[in-house]
Amino acid sequence: MIQQLIDEKNKFIEFSINNKFLYFIIALATMLSYGIKLVGLNISIDTEAIIDDFDVQMKAWNSIDRFGLVAFKKLFSLHSFNPFVANFLTIFFLFFTCIFICYLVNKISHNKIKSLIIVILPLLFLTHPIFAEQFNFTLQSFEVALSMFLIVCSMILINMYIES
């Protein structure tokens, strides 16, 4: 199993080297879509509440059964909330989610789809209105982006299992 993961890592590195322009296109689309969040502060009253009193917000989320959100916040926030860090991590994981989607499509098609066509699905994913609206909520945007990244990673692992 470890050898399969190493082989998969090498295939991903080869895919990345052979498709450098995908990185450029996806980075450009990501920055055009969400880059303003890196320099502009756009927070809501909920975000102000967590900045003001982190522990009270964690207790409130626990009381409405948002255990996963609380776990992610405690794991990555270090008992404070910085909207700029959250926005950076959101964009970072969105970018790599799109790259991994390209890799997954390429892997499933057995390298038969041209690289320019592969980028269509991640661009649709990146600019879809439901995600654009979701990522307007700074308070949970990182956790949603990380979750989507983990879903795509699990899809790659499932594909590895099916092929083996």
# chains A, B, ... in the order shown; residues from 1 in each chain; ligands from 1
>>> residues_around(residues="Leu38 of chain A", least_positions_apart="4", cutoff="10 Å", atoms="only C-alpha atoms", output="NGL selection string")
:A and (31 or 34 or 83-91)
>>> closest_atom_pairs(of="segment 62-140 of chain A", to="segment 3-27 of chain A", cutoff="9 Å", atoms="only C-alpha atoms", output="tab-separated table")
residue	atom	partner	partner_atom	distance
A:Phe95	CA	A:Ala27	CA	6.5
A:Cys98	CA	A:Ile26	CA	7.1
A:Ile99	CA	A:Tyr23	CA	7.0
A:Phe100	CA	A:Phe12	CA	8.8
A:Cys102	CA	A:Leu22	CA	8.2
A:Tyr103	CA	A:Phe12	CA	7.0
A:Asn106	CA	A:Phe15	CA	8.6
A:Ser115	CA	A:Asn19	CA	6.9
A:Leu116	CA	A:Leu22	CA	7.8
A:Ile118	CA	A:Leu22	CA	8.7
A:Val119	CA	A:Leu22	CA	6.7
A:Pro122	CA	A:Ile26	CA	7.8
A:Leu123	CA	A:Ile26	CA	7.1
A:Leu126	CA	A:Ile26	CA	8.7
>>> atom_distance(atom1="atom CA of Val70 of chain A", atom2="atom CA of Gln57 of chain A")
9.0 Å
>>> closest_residue(among="A:Ile130, A:Leu139, A:Ile36, A:Leu121", to="Glu48 of chain A", atoms="only C-alpha atoms")
A:Leu139
>>> residues_around(residues="Asn136 of chain A", least_positions_apart="4", cutoff="10 Å", atoms="only C-alpha atoms", output="list in words")
Tyr34, Lys37, Asn42, Ile43, Ser44, Asn87, Phe131, Ala132, Gln140 and Ser141 of chain A
>>> write_last_selection(atoms="C-alpha atoms", output="PDB file, in the first residue's frame")
ATOM      1  CA  TYR A  34     -11.371  35.239  -4.542  1.00  0.00           C
ATOM      2  CA  LYS A  37     -10.376  38.541   0.170  1.00  0.00           C
ATOM      3  CA  ASN A  42     -15.258  41.690   4.750  1.00  0.00           C
ATOM      4  CA  ILE A  43     -16.637  40.195   7.949  1.00  0.00           C
ATOM      5  CA  SER A  44     -20.113  39.722   9.373  1.00  0.00           C
ATOM      6  CA  ASN A  87      -9.067  33.715   3.652  1.00  0.00           C
ATOM      7  CA  PHE A 131     -19.297  28.240  -3.776  1.00  0.00           C
ATOM      8  CA  ALA A 132     -18.903  31.936  -4.454  1.00  0.00           C
ATOM      9  CA  GLN A 140     -16.442  28.873   7.816  1.00  0.00           C
ATOM     10  CA  SER A 141     -14.881  29.266   4.371  1.00  0.00           C
TER      11      SER A 141
END
>>> closest_residue(among="A:Ile101, A:Ala71, A:Ile64, A:Leu32", to="Ile156 of chain A", atoms="only C-alpha atoms")
A:Ile101
>>> select_by_dssp(residues="segment 9-65 of chain A", states="alpha helix (DSSP H)", output="PDB file with C-alpha atoms, in the first residue's frame")
ATOM      1  CA  LYS A   9       2.797  10.757  -5.653  1.00  0.00           C
ATOM      2  CA  ASN A  10       5.284  10.299  -8.489  1.00  0.00           C
ATOM      3  CA  LYS A  11       2.453  10.234 -11.038  1.00  0.00           C
ATOM      4  CA  PHE A  12       1.092  13.472  -9.576  1.00  0.00           C
ATOM      5  CA  ILE A  13       4.525  15.102  -9.770  1.00  0.00           C
ATOM      6  CA  GLU A  14       4.859  13.985 -13.401  1.00  0.00           C
ATOM      7  CA  PHE A  15       1.353  15.329 -14.128  1.00  0.00           C
ATOM      8  CA  SER A  16       2.301  18.645 -12.510  1.00  0.00           C
ATOM      9  CA  ILE A  17       5.508  18.966 -14.524  1.00  0.00           C
ATOM     10  CA  ASN A  18       3.736  18.151 -17.788  1.00  0.00           C
ATOM     11  CA  LYS A  20       2.386  23.655 -15.626  1.00  0.00           C
ATOM     12  CA  PHE A  21       0.005  25.923 -17.493  1.00  0.00           C
ATOM     13  CA  LEU A  22      -2.907  24.359 -15.536  1.00  0.00           C
ATOM     14  CA  TYR A  23      -1.372  25.800 -12.406  1.00  0.00           C
ATOM     15  CA  PHE A  24      -1.213  29.217 -14.055  1.00  0.00           C
ATOM     16  CA  ILE A  25      -4.799  29.109 -15.350  1.00  0.00           C
ATOM     17  CA  ILE A  26      -6.216  27.884 -12.048  1.00  0.00           C
ATOM     18  CA  ALA A  27      -4.137  30.358 -10.014  1.00  0.00           C
ATOM     19  CA  LEU A  28      -5.342  33.185 -12.239  1.00  0.00           C
ATOM     20  CA  ALA A  29      -8.985  32.112 -11.962  1.00  0.00           C
ATOM     21  CA  THR A  30      -8.670  31.645  -8.198  1.00  0.00           C
ATOM     22  CA  MET A  31      -7.138  35.072  -7.693  1.00  0.00           C
ATOM     23  CA  LEU A  32      -9.665  36.751  -9.985  1.00  0.00           C
ATOM     24  CA  SER A  33     -12.523  35.057  -8.153  1.00  0.00           C
ATOM     25  CA  TYR A  34     -11.371  35.239  -4.542  1.00  0.00           C
ATOM     26  CA  ILE A  36      -9.825  40.387  -3.103  1.00  0.00           C
ATOM     27  CA  LYS A  37     -10.376  38.541   0.170  1.00  0.00           C
ATOM     28  CA  LEU A  38      -6.598  38.561   0.761  1.00  0.00           C
ATOM     29  CA  VAL A  39      -6.434  42.346   1.000  1.00  0.00           C
ATOM     30  CA  ILE A  45     -21.459  39.993  12.900  1.00  0.00           C
ATOM     31  CA  ASP A  46     -20.755  36.284  13.483  1.00  0.00           C
ATOM     32  CA  THR A  47     -17.111  36.825  12.582  1.00  0.00           C
ATOM     33  CA  GLU A  48     -16.918  39.758  14.976  1.00  0.00           C
ATOM     34  CA  ALA A  49     -18.335  37.513  17.706  1.00  0.00           C
ATOM     35  CA  ILE A  50     -15.650  34.848  17.254  1.00  0.00           C
ATOM     36  CA  ILE A  51     -12.891  37.469  17.110  1.00  0.00           C
ATOM     37  CA  ASP A  52     -14.222  38.962  20.344  1.00  0.00           C
ATOM     38  CA  PHE A  54     -13.577  32.515  20.697  1.00  0.00           C
ATOM     39  CA  ASP A  55     -14.632  30.169  23.506  1.00  0.00           C
ATOM     40  CA  VAL A  56     -18.218  31.448  23.667  1.00  0.00           C
ATOM     41  CA  GLN A  57     -18.632  30.865  19.924  1.00  0.00           C
ATOM     42  CA  MET A  58     -17.212  27.337  20.241  1.00  0.00           C
ATOM     43  CA  LYS A  59     -19.734  26.557  22.994  1.00  0.00           C
ATOM     44  CA  ALA A  60     -22.552  27.984  20.869  1.00  0.00           C
ATOM     45  CA  TRP A  61     -21.563  25.783  17.918  1.00  0.00           C
ATOM     46  CA  ASN A  62     -21.280  22.727  20.169  1.00  0.00           C
ATOM     47  CA  SER A  63     -24.790  23.400  21.451  1.00  0.00           C
TER      48      SER A  63
END
>>> atom_distance(atom1="atom CA of Thr97 of chain A", atom2="atom CA of Ser80 of chain A")
25.8 Å
>>> atom_distance(atom1="atom CA of Ile151 of chain A", atom2="atom CA of Gly40 of chain A")
28.9 Å
>>> closest_residue(among="A:Leu41, A:Gly68, A:Leu94, A:Leu75", to="Val152 of chain A", atoms="only C-alpha atoms")
A:Leu94
